[in-house]
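Chemist: Have a look at this one before I ask anything.
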Amino acid sequence: MNTHRTIPRHHCLSRRSCLAGAIVAGLLAQAAPVLAQEAAQEDKQDPAATQLETVTVTAQGREQDILAVPYNISAVSGEAIEQGNILDTAELMRGVAGVGVVDRGARNSSVVSGIRIRGLNVDSSALGDYAVSAASTVATYVDKTPLFANFLLSDVDRVEVLRGPQGTLYGSGALGGAVRFLLRQPQLETWEARTSLSVSSVEGSGGLGLSESFTLNAPVGSTFALRVNATLNDFPGATDYRNVYRLDDDGIPVAPNGVLDPAAEYRKVRDADFVRQSYGRASLLWKPGDRFDLTLSYMAQADKFGGRRGTSLGNDGWGNPYGDLELGSVQREPSARHVNLASLEANIDLGFATLTSSTSDYNHEGDITSENTGFYARNGWLGGFYYNYPRPMASAVRGYGESAFTQELRLTSNEGGRFDYVLGAYYQDQDRFSTQNSYLRGFKRWWDTAFPAFAAAVVSDRDFQYRQTENFKETALYGELTWHATDTLQFTGGLRHFRDEARTRVEQTTGFWTALVDSSVSESDESDTRTLFKGNVSWSFSPRNQLYATVSEGYRRGGTNGTPTTGNFAEDPAWISYKADTVRNHELGVKGRIGSLTYNADVFYVDWKDPQVNSATTVWGFFAVQNAQKASTRGVELELSGAVGAGFNYSLGYTYTKARLEADAVAVDGSYVYGYKGTTLPGAPEHRFNAAASYGIPLGAGLLTLRGDAYYQSETENALSLSPKFRRTLDGFSLFNLSATYGIENWDLTLWLKNLGNEAGITGVYTEEYMGSSPAQEYYGNGSKALITMPRTVGFTVSYRF
């Protein structure tokens with residue numbers, strides 16, 4: 001039974017939101033005496049005696065102290081990433097308050113973004129084996145290029161996390177926020193180099209992992225500087241594929257007693273989810289004077305993965321339960337991808353403002369093979385369409401790719417006047433493709449042997465072919481203007497006016513039975529012109545503390561599904577296209593510094609209209625996006641950091657998020673309901689907590705630094721669905737990491753331990769109802785799985801700077 005209730009508008013958004021408001025007010029009340037005393041003594045103090053480390057960010061187009069930015073932003077320094085031996089983006093994001101992540105493992109980390117900000121997500125957490133049509137709700141940038149490619153965290157200067165919609169400056173897709181990966185740039189007159197080697201062991205793995213990196217900054221004359229860095233990873237994997245078919249030279253399951261006999265041969269593949277990655281980047285800076293600089297950069301990464309990380313649920317077809325880190329796929333599931341990015345950035349100081357030109361061109365392509373036999377079995381297709389074919393092995397071979405040319409011009413005023421402004425023009429020409437070939441391996445051979453008189457009835461082993469290509473163009477003009485009304489009060493307004501143009505072509509061929517094969521081609525041209533706004537007011541109630549309020553909008557473009565509407569596999573025409581979705585964000589916050597304590601606290605409410613849901617059509621399950629009617633998220637975000645004494649530093653973060661549907665979610669063709677009003681959105685834990693601390697101890701001629709961090713999230717929903725095939729409540733979990741670094745002269749030696757408690761940390765599930773075993777249809781494997789965090793990992797890193 002599903003129930004819901006409507007909260008009266010004149011009440012708080014929730015009891016916890018009321019509590020959040022009380023927390024903000026309490027911080028102000030508690031801080032008032034201290035702030036008054038600090039303000040009174042500001043001119044009497046020695047600036048050198050009170051100077052604290054300043055975190056500089058460029059989220060608003062200019063370098064600023066993070067405490068001066070009048071909205072909720074966090075930054076993680078490259079030094080913190082290196083010192084904490086942070087291995088991937090999932091681990092990085094767990095250390096930032098207000099950010100959630102679906103950890104699908106290395107194999108799937110570059111296909112679909114798992115980053116969630118402020119609970120803005122309606123997609124199943126189990127997505128990730130194919131490139132979905134709807135973009136992520138969080139925009140990701142590599143320097144100034146909008147791109148999700150999940151590059152290795154190598155030679156990073158800092159990562160900026162902007163919470164809440166960032167439509168004005170960062171455009172389409174930044175519904176929940178934006179994450180900016182800013183890389184270190186070449187430096188003039190500075191010779192430096194760093195090399196490191198890491199050796200690690202993962203619980204359940206039979207081998208050792210190796211990671212090597214090298215960075216060099218080299219001045220070339222007085223006006224040029226070159227910076228290069230490279231990283232190589234080779235990790236053996238920890239997941240065992242327990243019942244994989246032995247294959248013959250044609251890639252078909254071996255039939256030891258002949259093609260018509262149901263017997264098969266199986267083998268166990270240990271440590272199947274190996275990871276091999278290579279990354280490199282080179283940047284050349286030319287700075288002939290103080291008013292002009294030009295930086296040319298090129299970066300590339302190639303990855304190869306042996307399989308997925310996870311644990312199958314339940315039993316195999318013989319009744320044997322799966323253990324931890326055992327998968328029941330009857331085939332290996334490899335994946336590979338490569339990405340390259342070239343960029344050119346020029347800055348000209350015009351005196352009154354700085355003009356920046358950013359030009360980039362990138363290409364990102366990959367392929368991935370997925371076990372689909374459990375999907376066929378649970379739909380009854382193996383018995384209903386394929387005569388209980390023995391040794392069934394359904395392979396989904398998928399490809400994805402994206403390339404784009406981007407040009408942006410930005411004029412940023414120099415600070416010091418009554419008004420500050422950012423004006424910009426943006427253009428992007430993007431091509432995307434997504435493919436799938438599905439095969440029931442060996443079916444044609446078996447059919448021809450079993451029914452030679454009807455051999456012509458089956459065309460081949462391939463029963464589905466899908467091709468989607470899309471060209472997308474965006475042109476935009478944008479700007480933000482800040483009026484410093486007084487020394488303590490400022491107002492900011494922003495607009496982004498843009499036009500989107502999209503051309504989509506979808507080709508599909510379904511079935512390998514001669515009498516049933518159907519093909520369809522769908523083409524569509526769409527365009528949209530809109531204007532987004534942002535309004536912000538901030539009041540500095542002391543020199544280092546401010547109260548702010550923001551209203552901002554976000555937008556994500558719509559598109560075409562291209563589903564067939566005629567023939568044997570026709571779907572309702574309502575599935576052909578989907579609408580753009582929009583959000584409006586309201587937040588009130590306070591941030592600043594009290595003594596050695598830095599804090600940030602806010603309450604927010606986000607109204608989400610027409611949220612896009614990556615899903616499948618009603619009858620035949622073709623890839624499709626549909627729109628729910630509306631949803632909302634609301635909550636509180638708290639961050640504290642500081643130092644105690646000379647050697648102890650700490651940070652704390654807490655997020656409360658209530659994300660839910662605000663109307664029943666009905667399939668676009670009206671055939672079923674997949675969520676009721678009040679249903680919690682998937683992948684959005686109600687509570688998240690993170691903490692980190694470090695303590696430095698002088699030891700001999702060096703320094704011993706002890707570090708620890710913790711993360712907790714409460715339970716989450718797996719998918720927005722009423723069907724047991726997809727719906728599952730996932731338990732909350734906690735993760736703990738420890739490390740110790742001894743630094744002496746130019747050497748750093750670090751012993752680190754990830755996931756101390758060896759917590760599974762399940763963030764997504766393919767249920768047994770969806771992909772489980774079915775011995776009645778000759779499927780003895782099990783395609784279900786829980787997506788888990790990295791098991792306990794112990795490592796040692798040595799690095800040298802020269």
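Residues in the structure tokens are numbered from 1 in each chain, the chains being A, B, ... in the order shown, and ligands are numbered from 1 in the order shown.
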I want to know what sits within 12 Å of Trp447 (chain A), based on only C-alpha atoms, with residues of the same chain fewer than 3 positions away left out; could you give that as a count of residues only?

Modeler: 26

Chemist: Nearest to Ser74 (chain A): which of A:Val275, A:Ala580, A:Leu516, A:Ala601 is it, counting only C-alpha atoms?

Modeler: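 When distances to Ser74 (chain A) are compared using only C-alpha atoms, the smallest one comes from A:Ala601.
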
Chemist: Please extract the residues of region 30-268 of chain A with a backbone DSSP assignment of helix (DSSP H, G or I) and present them as a CSV table (one decimal) with N, CA, C and O atoms, in the first residue's frame.

Modeler:
chain,number,residue,atom,x,y,z
A,30,GLN,N,25.5,32.3,18.2
A,30,GLN,CA,26.6,31.9,19.0
A,30,GLN,C,27.9,32.7,18.5
A,30,GLN,O,28.8,32.9,19.3
A,31,ALA,N,27.9,33.0,17.2
A,31,ALA,CA,29.1,33.6,16.7
A,31,ALA,C,29.1,35.1,17.0
A,31,ALA,O,30.1,35.8,16.9
A,32,ALA,N,27.9,35.7,17.3
A,32,ALA,CA,27.8,37.2,17.3
A,32,ALA,C,28.8,37.8,18.3
A,32,ALA,O,29.5,38.8,17.9
A,33,PRO,N,29.0,37.3,19.6
A,33,PRO,CA,30.0,37.9,20.5
A,33,PRO,C,31.4,37.8,19.9
A,33,PRO,O,32.2,38.8,20.0
A,34,VAL,N,31.7,36.7,19.3
A,34,VAL,CA,33.1,36.5,18.8
A,34,VAL,C,33.3,37.5,17.6
A,34,VAL,O,34.4,38.1,17.5
A,35,LEU,N,32.3,37.6,16.8
A,35,LEU,CA,32.4,38.4,15.6
A,35,LEU,C,32.6,39.9,16.0
A,35,LEU,O,33.3,40.6,15.4
A,36,ALA,N,31.8,40.3,17.0
A,36,ALA,CA,31.9,41.7,17.4
A,36,ALA,C,33.2,42.0,17.9
A,36,ALA,O,33.8,43.0,17.7
A,37,GLN,N,33.8,41.0,18.7
A,37,GLN,CA,35.1,41.2,19.3
A,37,GLN,C,36.2,41.3,18.2
A,37,GLN,O,37.1,42.1,18.2
A,38,GLU,N,36.0,40.4,17.2
A,38,GLU,CA,37.0,40.4,16.1
A,38,GLU,C,36.9,41.7,15.3
A,38,GLU,O,38.0,42.2,14.9
A,39,ALA,N,35.7,42.2,15.0
A,39,ALA,CA,35.6,43.4,14.3
A,39,ALA,C,36.2,44.6,15.0
A,39,ALA,O,36.9,45.4,14.4
A,40,ALA,N,36.0,44.6,16.3
A,40,ALA,CA,36.6,45.7,17.1
A,40,ALA,C,38.1,45.7,17.2
A,40,ALA,O,38.7,46.7,17.2
A,41,GLN,N,38.7,44.5,17.1
A,41,GLN,CA,40.1,44.3,17.2
A,41,GLN,C,40.8,44.2,15.8
A,41,GLN,O,42.0,44.1,15.7
A,47,PRO,N,48.5,41.7,11.1
A,47,PRO,CA,47.9,40.9,10.1
A,47,PRO,C,48.7,39.6,9.9
A,47,PRO,O,48.1,38.5,9.7
A,48,ALA,N,50.0,39.6,10.1
A,48,ALA,CA,50.8,38.3,10.0
A,48,ALA,C,50.4,37.3,11.1
A,48,ALA,O,50.5,36.1,10.9
A,49,ALA,N,50.0,37.8,12.3
A,49,ALA,CA,49.7,37.0,13.4
A,49,ALA,C,48.3,36.3,13.2
A,49,ALA,O,48.1,35.2,13.8
A,50,THR,N,47.4,36.8,12.4
A,50,THR,CA,46.1,36.3,12.2
A,50,THR,C,45.9,35.7,10.9
A,50,THR,O,44.8,35.2,10.6
A,66,ILE,N,37.5,31.8,-1.4
A,66,ILE,CA,36.2,31.0,-1.4
A,66,ILE,C,35.2,31.6,-0.4
A,66,ILE,O,34.0,31.4,-0.6
A,67,LEU,N,35.7,32.2,0.7
A,67,LEU,CA,34.7,32.8,1.6
A,67,LEU,C,34.0,34.0,1.1
A,67,LEU,O,33.0,34.5,1.6
A,68,ALA,N,34.6,34.6,0.0
A,68,ALA,CA,33.9,35.8,-0.6
A,68,ALA,C,32.9,35.4,-1.7
A,68,ALA,O,32.1,36.3,-2.1
A,78,GLY,N,44.6,19.9,-4.8
A,78,GLY,CA,45.4,18.8,-5.4
A,78,GLY,C,46.3,18.2,-4.3
A,78,GLY,O,46.5,16.9,-4.3
A,79,GLU,N,46.8,19.0,-3.4
A,79,GLU,CA,47.7,18.5,-2.3
A,79,GLU,C,46.9,17.5,-1.5
A,79,GLU,O,47.4,16.4,-1.0
A,80,ALA,N,45.6,17.8,-1.2
A,80,ALA,CA,44.8,17.0,-0.4
A,80,ALA,C,44.5,15.6,-1.1
A,80,ALA,O,44.5,14.6,-0.5
A,81,ILE,N,44.3,15.7,-2.4
A,81,ILE,CA,44.1,14.5,-3.2
A,81,ILE,C,45.3,13.6,-3.1
A,81,ILE,O,45.2,12.4,-2.9
A,82,GLU,N,46.5,14.2,-3.3
A,82,GLU,CA,47.8,13.4,-3.3
A,82,GLU,C,48.1,12.9,-1.9
A,82,GLU,O,48.4,11.7,-1.7
A,83,GLN,N,47.9,13.7,-0.9
A,83,GLN,CA,48.2,13.3,0.5
A,83,GLN,C,47.3,12.2,1.0
A,83,GLN,O,47.7,11.3,1.8
A,89,THR,N,37.2,9.3,-8.5
A,89,THR,CA,36.2,10.4,-8.3
A,89,THR,C,35.2,10.0,-7.3
A,89,THR,O,34.7,10.9,-6.5
A,90,ALA,N,34.8,8.7,-7.2
A,90,ALA,CA,33.8,8.3,-6.2
A,90,ALA,C,34.3,8.6,-4.8
A,90,ALA,O,33.6,9.1,-4.0
A,91,GLU,N,35.6,8.2,-4.6
A,91,GLU,CA,36.1,8.5,-3.2
A,91,GLU,C,36.3,10.0,-3.0
A,91,GLU,O,36.0,10.5,-1.9
A,92,LEU,N,36.6,10.7,-4.0
A,92,LEU,CA,36.8,12.2,-3.8
A,92,LEU,C,35.4,12.8,-3.5
A,92,LEU,O,35.4,13.6,-2.5
A,93,MET,N,34.4,12.5,-4.2
A,93,MET,CA,33.1,13.1,-3.9
A,93,MET,C,32.5,12.7,-2.6
A,93,MET,O,31.7,13.5,-2.0
A,94,ARG,N,32.8,11.6,-2.0
A,94,ARG,CA,32.3,11.2,-0.7
A,94,ARG,C,32.9,12.1,0.4
A,94,ARG,O,32.4,12.1,1.5
A,106,ALA,N,35.4,0.8,-11.6
A,106,ALA,CA,36.2,1.4,-12.7
A,106,ALA,C,35.6,1.1,-14.1
A,106,ALA,O,35.6,2.0,-14.9
A,107,ARG,N,35.1,-0.1,-14.3
A,107,ARG,CA,34.6,-0.5,-15.6
A,107,ARG,C,33.5,0.4,-16.1
A,107,ARG,O,33.4,0.8,-17.3
A,108,ASN,N,32.6,0.9,-15.2
A,108,ASN,CA,31.5,1.7,-15.6
A,108,ASN,C,31.6,3.2,-15.3
A,108,ASN,O,30.7,4.0,-15.5
A,167,GLY,N,23.0,27.4,-14.2
A,167,GLY,CA,22.7,27.7,-15.6
A,167,GLY,C,23.2,28.9,-16.1
A,167,GLY,O,23.5,29.0,-17.3
A,168,THR,N,23.5,30.0,-15.3
A,168,THR,CA,23.9,31.2,-15.9
A,168,THR,C,25.3,31.1,-16.5
A,168,THR,O,25.5,31.5,-17.6
A,169,LEU,N,26.3,30.6,-15.7
A,169,LEU,CA,27.6,30.6,-16.2
A,169,LEU,C,28.0,29.2,-16.8
A,169,LEU,O,28.9,29.2,-17.6
A,170,TYR,N,27.3,28.1,-16.4
A,170,TYR,CA,27.7,26.8,-16.9
A,170,TYR,C,26.7,26.1,-17.7
A,170,TYR,O,26.9,24.9,-18.0

Chemist: Could you pull out the strand (DSSP E or B) residues of region 586-777 of chain A from DSSP and send them as a short mmCIF file (atom, residue, chain, number, x, y, z; two decimals) with C-alpha atoms, in the first residue's frame?

Modeler:
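The resulting file, result-v6.cif, is reproduced below:
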data_model
loop_
_atom_site.label_atom_id
_atom_site.label_comp_id
_atom_site.auth_asym_id
_atom_site.auth_seq_id
_atom_site.Cartn_x
_atom_site.Cartn_y
_atom_site.Cartn_z
CA HIS A 586 15.98 28.74 -3.49
CA GLU A 587 18.64 28.81 -0.80
CA LEU A 588 19.61 30.77 2.28
CA GLY A 589 23.02 30.38 3.82
CA VAL A 590 25.73 31.73 6.06
CA LYS A 591 29.46 31.22 5.65
CA GLY A 592 32.68 32.59 7.01
CA ARG A 593 35.44 32.21 9.52
CA ILE A 594 35.41 32.56 13.29
CA LEU A 597 36.98 27.78 12.39
CA THR A 598 35.66 27.98 8.80
CA TYR A 599 31.99 27.18 8.35
CA ASN A 600 29.29 27.03 5.69
CA ALA A 601 25.60 26.32 6.39
CA ASP A 602 22.56 26.61 4.15
CA VAL A 603 18.98 25.48 3.64
CA PHE A 604 17.66 24.88 0.12
CA TYR A 605 14.52 24.03 -1.80
CA VAL A 606 14.58 22.94 -5.47
CA ASP A 607 11.43 22.77 -7.60
CA TRP A 608 11.94 20.32 -10.50
CA LYS A 609 9.54 20.33 -13.46
CA GLN A 612 13.76 13.28 -17.41
CA VAL A 613 13.84 9.57 -16.61
CA ASN A 614 16.15 7.26 -18.56
CA SER A 615 13.97 4.19 -18.94
CA ALA A 616 12.58 1.74 -21.51
CA PHE A 623 15.92 2.61 -24.83
CA ALA A 624 13.79 5.68 -24.12
CA VAL A 625 13.57 8.78 -21.96
CA GLN A 626 10.28 9.92 -20.51
CA ASN A 627 9.25 12.84 -18.32
CA LYS A 630 7.35 17.16 -11.08
CA ALA A 631 9.61 16.53 -8.12
CA SER A 632 11.35 18.51 -5.43
CA THR A 633 14.35 18.33 -3.14
CA ARG A 634 14.92 20.23 0.08
CA GLY A 635 17.44 20.07 2.85
CA VAL A 636 20.36 21.45 4.74
CA GLU A 637 24.11 21.40 4.10
CA LEU A 638 26.67 22.00 6.84
CA GLU A 639 30.48 22.21 6.64
CA LEU A 640 33.02 22.94 9.35
CA SER A 641 36.80 22.91 9.17
CA GLY A 642 39.58 24.24 11.29
CA ALA A 643 42.80 23.70 13.18
CA VAL A 644 43.60 23.02 16.82
CA PHE A 648 45.81 19.08 14.17
CA ASN A 649 43.40 19.86 11.32
CA TYR A 650 39.85 18.64 10.87
CA SER A 651 36.77 18.93 8.68
CA LEU A 652 33.16 17.88 9.20
CA GLY A 653 30.21 17.78 6.84
CA TYR A 654 26.56 16.84 7.15
CA THR A 655 23.76 16.88 4.58
CA TYR A 656 20.07 16.26 5.03
CA THR A 657 18.14 15.81 1.77
CA LYS A 658 14.47 15.10 1.25
CA ALA A 659 14.00 14.27 -2.44
CA ARG A 660 10.59 13.10 -3.63
CA LEU A 661 7.98 13.14 -6.37
CA ALA A 665 4.71 9.49 -12.22
CA VAL A 666 2.72 7.95 -15.07
CA VAL A 673 2.31 4.22 -12.81
CA TYR A 674 5.96 3.99 -11.76
CA GLY A 675 5.89 6.30 -8.77
CA THR A 680 11.56 9.07 -2.50
CA HIS A 687 21.48 11.66 5.61
CA ARG A 688 25.14 11.92 4.65
CA PHE A 689 28.06 12.58 6.98
CA ASN A 690 31.75 12.98 6.26
CA ALA A 691 34.69 13.75 8.52
CA ALA A 692 38.45 13.97 8.12
CA ALA A 693 41.36 14.79 10.42
CA SER A 694 45.14 14.94 10.26
CA TYR A 695 47.83 15.37 12.87
CA GLY A 696 51.47 16.21 12.21
CA ILE A 697 54.18 14.99 14.59
CA PRO A 698 57.83 16.05 14.21
CA LEU A 699 59.87 12.87 14.20
CA GLY A 702 61.13 14.65 9.24
CA LEU A 703 57.41 14.92 9.88
CA LEU A 704 54.98 12.06 10.52
CA THR A 705 51.42 12.91 9.48
CA LEU A 706 48.53 10.71 10.56
CA ARG A 707 45.25 10.99 8.66
CA GLY A 708 41.81 9.47 8.88
CA ASP A 709 38.47 10.05 7.22
CA ALA A 710 34.98 8.62 7.52
CA TYR A 711 31.84 8.63 5.39
CA TYR A 712 28.29 7.55 6.17
CA GLN A 713 25.12 7.55 4.11
CA THR A 716 18.68 4.76 -0.58
CA GLU A 717 16.20 3.59 -3.17
CA THR A 729 15.80 -0.28 -0.64
CA LEU A 730 19.56 -0.35 -0.19
CA PHE A 733 26.79 2.06 5.08
CA SER A 734 29.96 3.57 6.55
CA LEU A 735 33.48 3.73 5.11
CA PHE A 736 36.71 4.48 6.98
CA ASN A 737 40.17 5.25 5.60
CA LEU A 738 43.52 5.65 7.39
CA SER A 739 47.01 6.68 6.32
CA ALA A 740 50.38 7.65 7.75
CA THR A 741 52.97 9.70 5.86
CA TYR A 742 56.56 10.24 6.85
CA GLY A 743 58.15 13.14 4.99
CA ILE A 744 61.86 13.76 5.13
CA TRP A 747 60.88 12.02 0.17
CA ASP A 748 57.34 11.06 1.23
CA LEU A 749 56.57 7.52 2.37
CA THR A 750 52.88 6.70 2.91
CA LEU A 751 51.15 3.61 4.22
CA TRP A 752 47.41 3.76 3.51
CA LEU A 753 44.34 1.67 4.19
CA LYS A 754 41.04 2.10 2.35
CA GLY A 764 22.96 -0.05 -6.95
CA VAL A 765 21.37 -3.44 -7.65
CA TYR A 766 20.36 -5.54 -10.65
CA SER A 774 16.32 -19.77 -14.64
#
